[in-house]
Amino acid sequence: MEFIKWDNLQLDSSEIYRRIGMPDADSKRSQNFKPTIEEMRLKALGLVDARCIYAYVPVEVSGPEEILMANKYAIKAATSFFEGADQVLLAVQTIGYRLEEESARLFEQGEMLEGMVLDGCGTVALDEALELLRGMVVKEVSDRGLQTGHNLCPGGYQIPLEAQKILFTLLDGGELGITLSETLLMSPVKSHTLVIPVGEKLKKPNLSCAITCEMCVEQQNCAHSRLKFGKSKERREN
């Protein structure tokens, strides 16, 4: 199991606008919020503690709509994403509690706009950390002459939420201060788990380092979809 701390987040302002439901950052209406956006962005940079643990473990398709992970754990899954894979990258990532606590304090004090924007900054921070992790994994895997698959998250249609228990068995989320509730939700809220298939010839390879919406079953209904707003974003350089 490997540990990473991300210290190079930027919190792209246009992404913050998108996350609070204002995808056109250059519109006159959006510009009215610019001072608050920038104030909360700078506050967020001081509160975010982006950290990650990850590991590569064996995987195989073990039956109809089932995979076997780490030679031990059977998981229901959309197996087409795992065909051709002999490993998966497992990761648990968080930005910590501090931003979440400050956002809650702002809401309690009636500073609704500031609380909403700061919460949006936290989501953008988690997205940027995910992009950095994705870029690192694609490079590591490509250097080995292998392919990466899509980003898959427990709770999506590819892997059920119940798989969360197995990921926390294989990776010590407690090392990052993350707890898993009886309903399989993580705390801090701004945390995520990730599965990326790895293999020599995947049925569904995805060699992009960018975080995209194309594979998400909620892409047409999501209020924050880049596809919906025509804002498909290229990954920034580290």
# chains A, B, ... in the order shown; residues from 1 in each chain; ligands from 1
call {"tool": "select_by_dssp", "arguments": {"residues": "range 72-172 of chain A", "states": "strand (DSSP E)", "output": "PyMOL selection string"}}
result
chain A and resi 73-76+87-94+147-148
call {"tool": "closest_atom_pairs", "arguments": {"of": "range 6-49 of chain A", "to": "range 111-129 of chain A", "cutoff": "8 Å", "atoms": "only C-alpha atoms", "output": "tab-separated table"}}
result
residue	atom	partner	partner_atom	distance
A:Trp6	CA	A:Ala129	CA	6.8
A:Leu9	CA	A:Glu128	CA	6.5
A:Gln10	CA	A:Ala125	CA	7.9
A:Leu11	CA	A:Ala125	CA	5.9
A:Asp12	CA	A:Val124	CA	7.6
A:Glu15	CA	A:Val124	CA	6.5
A:Ile16	CA	A:Cys121	CA	5.8
A:Arg19	CA	A:Gly120	CA	5.5
A:Ile20	CA	A:Gly120	CA	6.0
A:Thr36	CA	A:Glu114	CA	6.7
A:Ile37	CA	A:Val117	CA	6.5
A:Met40	CA	A:Leu118	CA	5.4
A:Arg41	CA	A:Cys121	CA	6.2
A:Lys43	CA	A:Leu118	CA	7.9
A:Ala44	CA	A:Cys121	CA	6.4
A:Val48	CA	A:Gly122	CA	7.4
call {"tool": "residues_around", "arguments": {"residues": "Leu167 in chain A", "least_positions_apart": "3", "cutoff": "9 Å", "atoms": "only C-alpha atoms", "output": "list in words"}}
result
Leu90, Ala91, Val92, Ala163, Gln164, Leu170, Leu171, Asp172, Gly173, Thr193, Leu194 and Val195 of chain A
